[in-house]
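**Student:** Got a file for you: model30.pdb, PDB, C-alpha atoms and all ligand atoms.
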ATOM      1  CA  MET U 280    -118.754  58.214 -12.728  1.00  0.00           C
ATOM      2  CA  CYS U 281    -116.938  59.246  -9.690  1.00  0.00           C
ATOM      3  CA  ARG U 282    -118.673  61.147  -6.914  1.00  0.00           C
ATOM      4  CA  HIS U 283    -117.663  64.573  -5.675  1.00  0.00           C
ATOM      5  CA  ALA U 284    -118.765  67.159  -3.118  1.00  0.00           C
ATOM      6  CA  ALA U 285    -117.832  70.636  -1.922  1.00  0.00           C
ATOM      7  CA  TRP U 286    -118.652  73.092   0.840  1.00  0.00           C
ATOM      8  CA  LEU U 287    -118.510  76.892   0.996  1.00  0.00           C
ATOM      9  CA  GLY U 288    -119.499  78.565   4.271  1.00  0.00           C
ATOM     10  CA  PRO U 289    -118.411  78.762   7.901  1.00  0.00           C
ATOM     11  CA  ALA U 290    -115.308  76.673   8.636  1.00  0.00           C
ATOM     12  CA  ARG U 291    -115.980  72.941   8.839  1.00  0.00           C
ATOM     13  CA  SER U 292    -113.869  69.817   8.802  1.00  0.00           C
ATOM     14  CA  LEU U 293    -113.584  67.476   5.844  1.00  0.00           C
ATOM     15  CA  THR U 294    -115.455  64.819   7.804  1.00  0.00           C
ATOM     16  CA  THR U 295    -118.632  66.791   7.001  1.00  0.00           C
ATOM     17  CA  LEU U 296    -118.267  65.642   3.376  1.00  0.00           C
ATOM     18  CA  ILE U 297    -116.876  62.180   4.037  1.00  0.00           C
ATOM     19  CA  SER U 298    -117.877  60.355   7.174  1.00  0.00           C
ATOM     20  CA  ASP U 299    -120.292  62.491   9.248  1.00  0.00           C
ATOM     21  CA  PRO U 300    -123.302  62.341   6.885  1.00  0.00           C
ATOM     22  CA  GLU U 301    -124.952  58.952   6.481  1.00  0.00           C
ATOM     23  CA  HIS U 302    -124.378  59.003   2.724  1.00  0.00           C
ATOM     24  CA  GLY U 303    -121.148  60.982   2.678  1.00  0.00           C
ATOM     25  CA  LEU U 304    -118.369  60.151   0.237  1.00  0.00           C
ATOM     26  CA  LEU U 305    -117.152  57.286   2.420  1.00  0.00           C
ATOM     27  CA  ARG U 306    -120.501  55.493   1.969  1.00  0.00           C
ATOM     28  CA  GLN U 307    -120.782  56.690  -1.632  1.00  0.00           C
ATOM     29  CA  SER U 308    -117.446  55.044  -2.389  1.00  0.00           C
ATOM     30  CA  TYR U 309    -119.018  51.575  -1.954  1.00  0.00           C
ATOM     31  CA  ALA U 310    -122.779  52.221  -2.042  1.00  0.00           C
ATOM     32  CA  PRO U 311    -123.681  55.275  -4.106  1.00  0.00           C
ATOM     33  CA  ARG U 312    -127.432  55.686  -4.500  1.00  0.00           C
ATOM     34  CA  LEU U 313    -127.766  57.517  -7.807  1.00  0.00           C
ATOM     35  CA  GLN U 314    -124.700  56.440  -9.751  1.00  0.00           C
ATOM     36  CA  LYS U 315    -125.521  55.438 -13.312  1.00  0.00           C
ATOM     37  CA  TYR U 316    -122.034  54.519 -14.518  1.00  0.00           C
ATOM     38  CA  GLY U 317    -119.937  52.158 -12.392  1.00  0.00           C
ATOM     39  CA  THR U 318    -120.931  50.593  -9.092  1.00  0.00           C
ATOM     40  CA  VAL U 319    -118.152  51.470  -6.637  1.00  0.00           C
ATOM     41  CA  ASN U 320    -115.659  54.321  -6.396  1.00  0.00           C
ATOM     42  CA  ALA U 321    -112.613  52.459  -5.163  1.00  0.00           C
ATOM     43  CA  ASP U 322    -109.878  53.597  -7.576  1.00  0.00           C
ATOM     44  CA  GLY U 323    -108.610  56.369  -5.330  1.00  0.00           C
ATOM     45  CA  PHE U 324    -109.781  59.547  -3.685  1.00  0.00           C
ATOM     46  CA  GLY U 325    -108.686  63.094  -3.135  1.00  0.00           C
ATOM     47  CA  PHE U 326    -109.501  66.041  -0.908  1.00  0.00           C
ATOM     48  CA  GLY U 327    -108.685  69.694  -0.949  1.00  0.00           C
ATOM     49  CA  TRP U 328    -109.084  72.500   1.559  1.00  0.00           C
ATOM     50  CA  TYR U 329    -107.708  75.987   2.115  1.00  0.00           C
ATOM     51  CA  ASP U 330    -105.149  77.139   4.644  1.00  0.00           C
ATOM     52  CA  GLY U 331    -105.946  80.845   4.412  1.00  0.00           C
ATOM     53  CA  SER U 332    -105.889  81.408   0.656  1.00  0.00           C
ATOM     54  CA  ARG U 333    -103.509  78.505   0.009  1.00  0.00           C
ATOM     55  CA  PRO U 334    -105.027  75.249  -1.273  1.00  0.00           C
ATOM     56  CA  VAL U 335    -103.844  72.008   0.302  1.00  0.00           C
ATOM     57  CA  ARG U 336    -104.390  68.626  -1.320  1.00  0.00           C
ATOM     58  CA  TYR U 337    -104.313  64.981  -0.332  1.00  0.00           C
ATOM     59  CA  ARG U 338    -104.640  62.318  -3.049  1.00  0.00           C
ATOM     60  CA  ARG U 339    -104.317  58.535  -2.896  1.00  0.00           C
ATOM     61  CA  THR U 340    -104.891  55.622  -5.250  1.00  0.00           C
ATOM     62  CA  VAL U 341    -106.369  53.340  -2.575  1.00  0.00           C
ATOM     63  CA  PRO U 342    -110.097  53.194  -1.699  1.00  0.00           C
ATOM     64  CA  VAL U 343    -111.095  55.884   0.769  1.00  0.00           C
ATOM     65  CA  TRP U 344    -112.042  53.268   3.385  1.00  0.00           C
ATOM     66  CA  ALA U 345    -108.529  51.765   3.232  1.00  0.00           C
ATOM     67  CA  ASP U 346    -106.570  54.812   4.434  1.00  0.00           C
ATOM     68  CA  ALA U 347    -106.120  54.433   8.180  1.00  0.00           C
ATOM     69  CA  ASN U 348    -104.690  57.968   8.497  1.00  0.00           C
ATOM     70  CA  LEU U 349    -107.681  59.590   6.883  1.00  0.00           C
ATOM     71  CA  PRO U 350    -110.128  59.913   9.807  1.00  0.00           C
ATOM     72  CA  GLY U 351    -107.612  61.936  11.830  1.00  0.00           C
ATOM     73  CA  LEU U 352    -106.523  64.041   8.896  1.00  0.00           C
ATOM     74  CA  ALA U 353    -110.090  64.745   7.771  1.00  0.00           C
ATOM     75  CA  ALA U 354    -111.107  65.816  11.284  1.00  0.00           C
ATOM     76  CA  ALA U 355    -108.150  68.229  11.504  1.00  0.00           C
ATOM     77  CA  ALA U 356    -108.575  69.723   8.012  1.00  0.00           C
ATOM     78  CA  ARG U 357    -110.998  72.587   8.683  1.00  0.00           C
ATOM     79  CA  SER U 358    -111.772  75.284   6.182  1.00  0.00           C
ATOM     80  CA  THR U 359    -114.453  77.594   4.823  1.00  0.00           C
ATOM     81  CA  CYS U 360    -113.984  75.861   1.487  1.00  0.00           C
ATOM     82  CA  LEU U 361    -113.699  72.100   1.041  1.00  0.00           C
ATOM     83  CA  ILE U 362    -113.707  69.774  -1.959  1.00  0.00           C
ATOM     84  CA  ALA U 363    -113.609  65.978  -2.028  1.00  0.00           C
ATOM     85  CA  ALA U 364    -113.827  63.206  -4.631  1.00  0.00           C
ATOM     86  CA  VAL U 365    -113.880  59.417  -4.784  1.00  0.00           C
ATOM     87  CA  ARG U 366    -112.910  57.809  -8.072  1.00  0.00           C
ATOM     88  CA  SER U 367    -114.157  55.061 -10.346  1.00  0.00           C
ATOM     89  CA  ALA U 368    -111.541  55.104 -13.081  1.00  0.00           C
ATOM     90  CA  THR U 369    -112.852  55.110 -16.643  1.00  0.00           C
ATOM     91  CA  ALA U 370    -111.739  52.035 -18.640  1.00  0.00           C
ATOM     92  CA  GLY U 371    -108.286  52.624 -20.042  1.00  0.00           C
ATOM     93  CA  MET U 372    -107.381  55.446 -17.656  1.00  0.00           C
ATOM     94  CA  PRO U 373    -104.380  55.032 -15.348  1.00  0.00           C
ATOM     95  CA  ILE U 374    -104.750  54.577 -11.613  1.00  0.00           C
ATOM     96  CA  GLU U 375    -102.213  57.036 -10.256  1.00  0.00           C
ATOM     97  CA  GLU U 376    -102.278  60.052  -7.965  1.00  0.00           C
ATOM     98  CA  THR U 377    -101.813  62.439 -10.870  1.00  0.00           C
ATOM     99  CA  ALA U 378    -105.035  61.101 -12.443  1.00  0.00           C
ATOM    100  CA  THR U 379    -106.987  61.637  -9.224  1.00  0.00           C
ATOM    101  CA  ALA U 380    -109.068  64.711  -8.390  1.00  0.00           C
ATOM    102  CA  PRO U 381    -108.785  67.337  -7.150  1.00  0.00           C
ATOM    103  CA  PHE U 382    -106.488  68.684  -9.828  1.00  0.00           C
ATOM    104  CA  ALA U 383    -104.777  71.925  -8.816  1.00  0.00           C
ATOM    105  CA  ASP U 384    -103.304  75.051 -10.339  1.00  0.00           C
ATOM    106  CA  GLY U 385    -102.499  78.197  -8.342  1.00  0.00           C
ATOM    107  CA  PRO U 386    -105.516  78.805  -6.087  1.00  0.00           C
ATOM    108  CA  TRP U 387    -107.783  76.476  -8.082  1.00  0.00           C
ATOM    109  CA  LEU U 388    -108.961  72.971  -7.239  1.00  0.00           C
ATOM    110  CA  LEU U 389    -111.035  70.964  -9.737  1.00  0.00           C
ATOM    111  CA  SER U 390    -112.854  67.644  -9.841  1.00  0.00           C
ATOM    112  CA  HIS U 391    -114.517  65.894 -12.804  1.00  0.00           C
ATOM    113  CA  ASN U 392    -117.293  63.292 -12.724  1.00  0.00           C
ATOM    114  CA  GLY U 393    -117.606  61.714 -16.109  1.00  0.00           C
ATOM    115  CA  ARG U 394    -115.804  60.709 -19.255  1.00  0.00           C
ATOM    116  CA  VAL U 395    -114.652  62.512 -22.348  1.00  0.00           C
ATOM    117  CA  GLY U 396    -112.800  61.348 -25.449  1.00  0.00           C
ATOM    118  CA  ARG U 397    -109.227  62.509 -25.120  1.00  0.00           C
ATOM    119  CA  GLU U 398    -109.176  63.549 -28.771  1.00  0.00           C
ATOM    120  CA  ALA U 399    -111.807  66.122 -27.807  1.00  0.00           C
ATOM    121  CA  VAL U 400    -109.857  67.656 -24.911  1.00  0.00           C
ATOM    122  CA  ARG U 401    -106.198  67.349 -25.905  1.00  0.00           C
ATOM    123  CA  PRO U 402    -106.491  70.236 -28.395  1.00  0.00           C
ATOM    124  CA  LEU U 403    -107.781  72.465 -25.578  1.00  0.00           C
ATOM    125  CA  ALA U 404    -104.541  72.502 -23.547  1.00  0.00           C
ATOM    126  CA  ALA U 405    -100.802  72.276 -24.141  1.00  0.00           C
ATOM    127  CA  ASP U 406    -100.049  69.690 -21.489  1.00  0.00           C
ATOM    128  CA  ALA U 407    -101.640  67.772 -18.617  1.00  0.00           C
ATOM    129  CA  GLU U 408    -100.505  66.213 -15.365  1.00  0.00           C
ATOM    130  CA  SER U 409    -101.644  62.723 -16.437  1.00  0.00           C
ATOM    131  CA  VAL U 410    -102.913  61.075 -19.620  1.00  0.00           C
ATOM    132  CA  CYS U 411    -106.289  60.693 -17.850  1.00  0.00           C
ATOM    133  CA  ASP U 412    -109.200  62.416 -19.635  1.00  0.00           C
ATOM    134  CA  SER U 413    -110.044  64.399 -16.476  1.00  0.00           C
ATOM    135  CA  ALA U 414    -106.484  65.718 -16.218  1.00  0.00           C
ATOM    136  CA  TRP U 415    -106.736  67.081 -19.756  1.00  0.00           C
ATOM    137  CA  LEU U 416    -110.102  68.638 -19.018  1.00  0.00           C
ATOM    138  CA  ALA U 417    -108.642  70.237 -15.887  1.00  0.00           C
ATOM    139  CA  ALA U 418    -105.683  71.550 -17.885  1.00  0.00           C
ATOM    140  CA  ALA U 419    -108.070  73.127 -20.408  1.00  0.00           C
ATOM    141  CA  VAL U 420    -109.876  74.952 -17.599  1.00  0.00           C
ATOM    142  CA  PHE U 421    -106.671  76.001 -15.793  1.00  0.00           C
ATOM    143  CA  THR U 422    -105.057  77.360 -18.968  1.00  0.00           C
ATOM    144  CA  ARG U 423    -107.955  79.746 -19.454  1.00  0.00           C
ATOM    145  CA  LEU U 424    -108.148  80.747 -15.789  1.00  0.00           C
ATOM    146  CA  ARG U 425    -104.420  81.490 -15.859  1.00  0.00           C
ATOM    147  CA  ASP U 426    -105.115  83.816 -18.769  1.00  0.00           C
ATOM    148  CA  GLY U 427    -107.394  85.744 -16.437  1.00  0.00           C
ATOM    149  CA  LEU U 428    -110.723  84.713 -17.932  1.00  0.00           C
ATOM    150  CA  PRO U 429    -113.575  84.500 -15.400  1.00  0.00           C
ATOM    151  CA  LEU U 430    -114.607  81.045 -14.177  1.00  0.00           C
ATOM    152  CA  ALA U 431    -118.221  81.732 -15.195  1.00  0.00           C
ATOM    153  CA  ASP U 432    -117.051  82.089 -18.815  1.00  0.00           C
ATOM    154  CA  VAL U 433    -114.356  79.426 -18.794  1.00  0.00           C
ATOM    155  CA  LEU U 434    -116.522  76.493 -17.705  1.00  0.00           C
ATOM    156  CA  PRO U 435    -119.240  76.854 -20.388  1.00  0.00           C
ATOM    157  CA  ALA U 436    -116.555  77.473 -23.023  1.00  0.00           C
ATOM    158  CA  VAL U 437    -114.528  74.364 -22.129  1.00  0.00           C
ATOM    159  CA  VAL U 438    -117.617  72.182 -21.712  1.00  0.00           C
ATOM    160  CA  GLY U 439    -118.991  73.426 -25.037  1.00  0.00           C
ATOM    161  CA  ALA U 440    -115.735  72.702 -26.863  1.00  0.00           C
ATOM    162  CA  ALA U 441    -115.358  69.256 -25.258  1.00  0.00           C
ATOM    163  CA  ALA U 442    -118.965  68.323 -26.041  1.00  0.00           C
ATOM    164  CA  GLU U 443    -118.548  69.453 -29.611  1.00  0.00           C
ATOM    165  CA  GLY U 444    -115.565  67.120 -29.985  1.00  0.00           C
ATOM    166  CA  ASP U 445    -117.333  64.292 -28.132  1.00  0.00           C
ATOM    167  CA  PRO U 446    -121.140  64.576 -28.104  1.00  0.00           C
ATOM    168  CA  GLU U 447    -121.339  61.574 -25.721  1.00  0.00           C
ATOM    169  CA  ALA U 448    -119.114  63.255 -23.134  1.00  0.00           C
ATOM    170  CA  ARG U 449    -120.198  63.521 -19.505  1.00  0.00           C
ATOM    171  CA  LEU U 450    -118.722  66.655 -18.073  1.00  0.00           C
ATOM    172  CA  ASN U 451    -119.783  67.302 -14.481  1.00  0.00           C
ATOM    173  CA  LEU U 452    -117.144  69.667 -13.136  1.00  0.00           C
ATOM    174  CA  LEU U 453    -116.634  71.113  -9.673  1.00  0.00           C
ATOM    175  CA  VAL U 454    -114.178  73.998  -9.298  1.00  0.00           C
ATOM    176  CA  THR U 455    -113.199  76.287  -6.468  1.00  0.00           C
ATOM    177  CA  GLY U 456    -110.794  79.133  -5.926  1.00  0.00           C
ATOM    178  CA  GLY U 457    -111.294  79.193  -2.157  1.00  0.00           C
ATOM    179  CA  SER U 458    -113.838  82.001  -1.890  1.00  0.00           C
ATOM    180  CA  HIS U 459    -116.352  80.716  -4.421  1.00  0.00           C
ATOM    181  CA  LEU U 460    -117.517  77.489  -6.063  1.00  0.00           C
ATOM    182  CA  ALA U 461    -118.669  76.616  -9.551  1.00  0.00           C
ATOM    183  CA  ALA U 462    -120.192  73.360 -10.752  1.00  0.00           C
ATOM    184  CA  VAL U 463    -121.393  72.050 -14.085  1.00  0.00           C
ATOM    185  CA  ALA U 464    -124.170  69.486 -14.513  1.00  0.00           C
ATOM    186  CA  TRP U 465    -123.639  67.828 -17.897  1.00  0.00           C
ATOM    187  CA  GLY U 466    -124.592  64.186 -18.208  1.00  0.00           C
ATOM    188  CA  ASP U 467    -124.826  63.216 -14.537  1.00  0.00           C
ATOM    189  CA  THR U 468    -126.687  64.247 -11.402  1.00  0.00           C
ATOM    190  CA  LEU U 469    -125.765  67.283  -9.306  1.00  0.00           C
ATOM    191  CA  PHE U 470    -127.435  68.439  -6.103  1.00  0.00           C
ATOM    192  CA  THR U 471    -127.184  71.442  -3.854  1.00  0.00           C
ATOM    193  CA  HIS U 472    -128.229  72.134  -0.280  1.00  0.00           C
ATOM    194  CA  LEU U 473    -128.282  75.622   1.202  1.00  0.00           C
ATOM    195  CA  GLN U 474    -128.130  75.956   4.949  1.00  0.00           C
ATOM    196  CA  GLU U 475    -125.611  78.254   6.667  1.00  0.00           C
ATOM    197  CA  GLY U 476    -123.518  77.766   3.536  1.00  0.00           C
ATOM    198  CA  VAL U 477    -123.568  75.902   0.248  1.00  0.00           C
ATOM    199  CA  LEU U 478    -123.163  72.157  -0.196  1.00  0.00           C
ATOM    200  CA  VAL U 479    -122.778  70.830  -3.722  1.00  0.00           C
ATOM    201  CA  ALA U 480    -122.611  67.097  -4.408  1.00  0.00           C
ATOM    202  CA  SER U 481    -123.075  64.523  -7.160  1.00  0.00           C
ATOM    203  CA  GLU U 482    -125.816  63.031  -4.994  1.00  0.00           C
ATOM    204  CA  PRO U 483    -127.297  63.987  -1.598  1.00  0.00           C
ATOM    205  CA  LEU U 484    -125.030  63.282   1.376  1.00  0.00           C
ATOM    206  CA  ASP U 485    -127.990  62.567   3.657  1.00  0.00           C
ATOM    207  CA  ASP U 486    -131.792  62.387   3.741  1.00  0.00           C
ATOM    208  CA  ARG U 487    -132.405  65.853   5.203  1.00  0.00           C
ATOM    209  CA  PRO U 488    -135.028  67.871   3.355  1.00  0.00           C
ATOM    210  CA  GLY U 489    -133.729  70.703   1.219  1.00  0.00           C
ATOM    211  CA  TRP U 490    -131.558  68.926  -1.361  1.00  0.00           C
ATOM    212  CA  ARG U 491    -132.325  70.333  -4.795  1.00  0.00           C
ATOM    213  CA  ALA U 492    -131.386  68.799  -8.140  1.00  0.00           C
ATOM    214  CA  VAL U 493    -129.475  71.083 -10.498  1.00  0.00           C
ATOM    215  CA  PRO U 494    -130.887  70.726 -14.044  1.00  0.00           C
ATOM    216  CA  ASP U 495    -128.712  68.982 -16.603  1.00  0.00           C
ATOM    217  CA  ARG U 496    -126.626  71.255 -18.815  1.00  0.00           C
ATOM    218  CA  SER U 497    -126.405  74.078 -16.342  1.00  0.00           C
ATOM    219  CA  LEU U 498    -123.805  76.050 -14.444  1.00  0.00           C
ATOM    220  CA  LEU U 499    -124.035  76.641 -10.699  1.00  0.00           C
ATOM    221  CA  LEU U 500    -122.093  79.549  -9.214  1.00  0.00           C
ATOM    222  CA  ALA U 501    -121.849  80.004  -5.448  1.00  0.00           C
ATOM    223  CA  SER U 502    -120.216  82.763  -3.455  1.00  0.00           C
ATOM    224  CA  PRO U 503    -120.861  84.220   0.002  1.00  0.00           C
ATOM    225  CA  ASP U 504    -123.346  86.532  -1.773  1.00  0.00           C
ATOM    226  CA  GLY U 505    -125.551  83.697  -3.018  1.00  0.00           C
ATOM    227  CA  VAL U 506    -126.099  80.939  -5.545  1.00  0.00           C
ATOM    228  CA  SER U 507    -127.159  81.118  -9.170  1.00  0.00           C
ATOM    229  CA  VAL U 508    -127.974  78.380 -11.677  1.00  0.00           C
ATOM    230  CA  THR U 509    -128.003  79.202 -15.375  1.00  0.00           C
ATOM    231  CA  PRO U 510    -128.477  76.994 -18.445  1.00  0.00           C
ATOM    232  CA  ILE U 511    -125.449  76.247 -20.620  1.00  0.00           C
ATOM    233  CA  ASP U 512    -126.569  76.258 -24.245  1.00  0.00           C
TER     234      ASP U 512
HETATM  235  N1  LIG U 601    -112.808  59.787 -16.414  1.00  0.00           N
HETATM  236  C1  LIG U 601    -112.327  60.074 -15.099  1.00  0.00           C
HETATM  237  C2  LIG U 601    -111.354  59.037 -14.582  1.00  0.00           C
HETATM  238  O1  LIG U 601    -111.022  58.106 -15.215  1.00  0.00           O
HETATM  239  C3  LIG U 601    -113.457  60.258 -14.133  1.00  0.00           C
HETATM  240  C4  LIG U 601    -114.131  58.949 -13.885  1.00  0.00           C
HETATM  241  C5  LIG U 601    -115.467  59.028 -13.268  1.00  0.00           C
HETATM  242  O2  LIG U 601    -116.121  60.052 -13.162  1.00  0.00           O
HETATM  243  N2  LIG U 601    -115.902  57.891 -12.907  1.00  0.00           N
HETATM  244  O3  LIG U 601    -110.923  59.163 -13.510  1.00  0.00           O
END
Reformat the file's structure so that it appears as structure tokens.
Ligand code: GLN
**Tutor:**
Amino acid sequence: MCRHAAWLGPARSLTTLISDPEHGLLRQSYAPRLQKYGTVNADGFGFGWYDGSRPVRYRRTVPVWADANLPGLAAAARSTCLIAAVRSATAGMPIEETATAPFADGPWLLSHNGRVGREAVRPLAADAESVCDSAWLAAAVFTRLRDGLPLADVLPAVVGAAAEGDPEARLNLLVTGGSHLAAVAWGDTLFTHLQEGVLVASEPLDDRPGWRAVPDRSLLLASPDGVSVTPID
């Protein structure tokens, strides 16, 4: 599984997800603490942030520690909404930027931790940016969001359909539109920390008190008004 994290709250730089916390995504790329599938996340990384309402993305296929430009870029990229991911490619999936989260469509940015049989997700979208399973899953979500369906309905519907096609699928999703976040826990860990804003991450970024585990098979929704967690049945 890859590792991902997001922030919604007062403007912060991307370093607050990557290199400032002791167990940020930089450390998690080579020494994750709770990862059950895979040992390192060195098959690429990607970040997204918002310039006003416009999402900006940076994706690479090198390990996050190997990009010498990243510290400066991450310090300069400040936003009220941030998303970041480090990747451990599933066997058989290509290592290319188009297979690397965050995937994007209009205002949306999406990351997937997990694995799903492509036969289960290909029927859910017309096309995808890459043959990677996560790209197909992202396309399934984006197609429905483009149709105007609410995120809170789209995620359980897509996860339900994918899990029906592949009961072994692991489908942790993290999605943002810039003013709100949504995350699915389905087959892997997910944690949240509320202080001045909302942090969501595959595993805690540090050892501060206050990290709470999100139960498996549930949907977390976060907006400036608050956070809710509901079971997905
Ligand atoms: N299946 C996705 C990929 O190949 C995500 C992998 C993961 O979560 N480790 O990139």
**Student:** Would you mind listing the residues within 9 Å of ligand LIG 601 (chain U), counting only C-alpha atoms and all ligand atoms, as a VMD selection string?
**Tutor:** chain U and resid 280 to 283 316 to 317 320 322 to 323 365 to 374 378 to 380 390 to 395 411 to 414 449 to 451
**Student:** Atom CA of U:Pro429 to atom CA of U:Gln474: how many Å, to one decimal?
**Tutor:**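 Answer for the atom CA of U:Pro429 to atom CA of U:Gln474 separation: 26.4 Å.
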**Student:** Report, in Å to a single decimal, how far apart atom CA of U:Ala284 and atom CA of U:Val438 are.
**Tutor:**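 About the pair atom CA of U:Val438 and atom CA of U:Ala284: they are 19.3 Å apart.
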**Student:** I'd like to see the residues matched by the PyMOL selection byres (((chain U and resi 388) around 8) and not hetatm) on this file, and ideally I'd get them as a tab-separated table (two decimals) with C-alpha atoms, keeping the file's coordinate frame.
**Tutor:**
chain	number	residue	atom	x	y	z
U	327	GLY	CA	-108.68	69.69	-0.95
U	334	PRO	CA	-105.03	75.25	-1.27
U	362	ILE	CA	-113.71	69.77	-1.96
U	381	PRO	CA	-108.78	67.34	-7.15
U	382	PHE	CA	-106.49	68.68	-9.83
U	383	ALA	CA	-104.78	71.92	-8.82
U	384	ASP	CA	-103.30	75.05	-10.34
U	386	PRO	CA	-105.52	78.81	-6.09
U	387	TRP	CA	-107.78	76.48	-8.08
U	389	LEU	CA	-111.04	70.96	-9.74
U	390	SER	CA	-112.85	67.64	-9.84
U	454	VAL	CA	-114.18	74.00	-9.30
U	455	THR	CA	-113.20	76.29	-6.47
U	456	GLY	CA	-110.79	79.13	-5.93
**Student:** Mind working out the centre and edge lengths of an axis-aligned box for stretch 432-447 of chain U, all listed atoms inside, 5 Å added to each side, rounded to one decimal in Å and written as AutoDock Vina command-line options?
**Tutor:**
--center_x -117.8 --center_y 71.8 --center_z -23.8 --size_x 17.0 --size_y 30.5 --size_z 22.3
**Student:** As a list of chain:residue names, please: the residues near U:Ala418 (cut-off 8 Å, only C-alpha atoms, same-chain neighbours under 6 positions excluded).
**Tutor:**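 The residues that qualify are U:Ala404, U:Ala405, U:Asp406, U:Ala407, U:Glu408.
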**Student:** Please identify all polymer residues within 6 Å of stretch 335-352 of chain U, counting all atoms listed in the file, omitting same-chain residues fewer than 6 positions from it, and present them as a ChimeraX atom specification.
**Tutor:** /U:321-329,375-376
**Student:** Atom CA of U:Leu361 and atom CA of U:Ala501 are how many Å apart?
**Tutor:**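 Between atom CA of U:Leu361 and atom CA of U:Ala501 the gap is 13.1 Å.
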**Student:** Name the closest residue to U:Ala436 among the candidates U:Asp512, U:Ala464, U:Val477, U:Asp495; distances are taken between atoms, counting all atoms listed in the file.
**Tutor:**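 That would be U:Asp512, the residue with the smallest distance to U:Ala436.
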**Student:** Could you tell me, as a VMD selection string, exactly which residues end up selected when the PyMOL selection byres (((chain U and resi 430) around 10) and not hetatm) is applied to this structure?
**Tutor:** chain U and resid 420 to 421 423 to 424 427 to 429 431 to 436 454 to 456 459 to 461 500
**Student:** Could you tell me which of U:Leu484, U:Ala448, U:Trp286, U:Gly476 comes closest to U:Ser298 if we count only C-alpha atoms?
**Tutor:**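 The closest residue to U:Ser298 is U:Leu484.
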**Student:** Enumerate, as a short mmCIF file (atom, residue, chain, number, x, y, z; two decimals) with C-alpha atoms, in the frame of the given file, the residues matched when the PyMOL selection byres (((chain U and resi 354-358) around 6) and not hetatm) is run on the file above.
**Tutor:**
data_model
loop_
_atom_site.label_atom_id
_atom_site.label_comp_id
_atom_site.auth_asym_id
_atom_site.auth_seq_id
_atom_site.Cartn_x
_atom_site.Cartn_y
_atom_site.Cartn_z
CA ALA U 290 -115.31 76.67 8.64
CA ARG U 291 -115.98 72.94 8.84
CA SER U 292 -113.87 69.82 8.80
CA LEU U 293 -113.58 67.48 5.84
CA THR U 294 -115.46 64.82 7.80
CA TYR U 329 -107.71 75.99 2.12
CA GLY U 351 -107.61 61.94 11.83
CA LEU U 352 -106.52 64.04 8.90
CA ALA U 353 -110.09 64.74 7.77
CA THR U 359 -114.45 77.59 4.82
CA CYS U 360 -113.98 75.86 1.49
#
**Student:** May I ask which of the residues U:Ala441, U:Leu416, U:Leu499, U:Val400 is the closest one to U:Ala462, counting only C-alpha atoms?
**Tutor:**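 So, comparing all the options, the nearest one is U:Leu499.
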**Student:** Give me the residues within 10 Å of U:Pro300 as a ChimeraX atom specification, counting all atoms listed in the file and dropping any in the same chain fewer than 5 places off.
**Tutor:** /U:294-295,305-306,483-487
**Student:** Go ahead and write the selection's residues with C-alpha atoms as an mmCIF file, keeping the file's coordinate frame.
**Tutor:**
data_model
loop_
_atom_site.group_PDB
_atom_site.id
_atom_site.type_symbol
_atom_site.label_atom_id
_atom_site.label_comp_id
_atom_site.auth_asym_id
_atom_site.auth_seq_id
_atom_site.Cartn_x
_atom_site.Cartn_y
_atom_site.Cartn_z
ATOM 1 C CA THR U 294 -115.455 64.819 7.804
ATOM 2 C CA THR U 295 -118.632 66.791 7.001
ATOM 3 C CA LEU U 305 -117.152 57.286 2.420
ATOM 4 C CA ARG U 306 -120.501 55.493 1.969
ATOM 5 C CA PRO U 483 -127.297 63.987 -1.598
ATOM 6 C CA LEU U 484 -125.030 63.282 1.376
ATOM 7 C CA ASP U 485 -127.990 62.567 3.657
ATOM 8 C CA ASP U 486 -131.792 62.387 3.741
ATOM 9 C CA ARG U 487 -132.405 65.853 5.203
#
**Student:** From the list U:Gly439, U:Gly385, U:Gly444, U:Pro311, which residue is nearest U:Thr468 when using all atoms listed in the file?
**Tutor:**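 Of U:Gly439, U:Gly385, U:Gly444, U:Pro311, the one nearest U:Thr468 is U:Pro311, counting all atoms listed in the file.
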**Student:** Got a minute to add N, CA and C atoms to stretch 494-500 of chain U and dump it as a PDB file, keeping the file's coordinate frame?
**Tutor:**
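Output file selection_35.pdb is given in full below:
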ATOM      1  N   PRO U 494    -130.520  71.270 -12.723  1.00  0.00           N
ATOM      2  CA  PRO U 494    -130.887  70.726 -14.044  1.00  0.00           C
ATOM      3  C   PRO U 494    -129.655  70.391 -14.880  1.00  0.00           C
ATOM      4  N   ASP U 495    -129.824  69.355 -15.720  1.00  0.00           N
ATOM      5  CA  ASP U 495    -128.712  68.982 -16.603  1.00  0.00           C
ATOM      6  C   ASP U 495    -128.378  70.157 -17.521  1.00  0.00           C
ATOM      7  N   ARG U 496    -127.146  70.210 -17.927  1.00  0.00           N
ATOM      8  CA  ARG U 496    -126.626  71.255 -18.815  1.00  0.00           C
ATOM      9  C   ARG U 496    -126.794  72.638 -18.202  1.00  0.00           C
ATOM     10  N   SER U 497    -126.392  72.743 -16.949  1.00  0.00           N
ATOM     11  CA  SER U 497    -126.405  74.078 -16.342  1.00  0.00           C
ATOM     12  C   SER U 497    -125.164  74.309 -15.506  1.00  0.00           C
ATOM     13  N   LEU U 498    -124.971  75.581 -15.189  1.00  0.00           N
ATOM     14  CA  LEU U 498    -123.805  76.050 -14.444  1.00  0.00           C
ATOM     15  C   LEU U 498    -124.274  76.623 -13.124  1.00  0.00           C
ATOM     16  N   LEU U 499    -123.728  76.111 -12.029  1.00  0.00           N
ATOM     17  CA  LEU U 499    -124.035  76.641 -10.699  1.00  0.00           C
ATOM     18  C   LEU U 499    -122.851  77.480 -10.240  1.00  0.00           C
ATOM     19  N   LEU U 500    -123.137  78.680  -9.775  1.00  0.00           N
ATOM     20  CA  LEU U 500    -122.093  79.549  -9.214  1.00  0.00           C
ATOM     21  C   LEU U 500    -122.497  79.871  -7.786  1.00  0.00           C
TER      22      LEU U 500
END
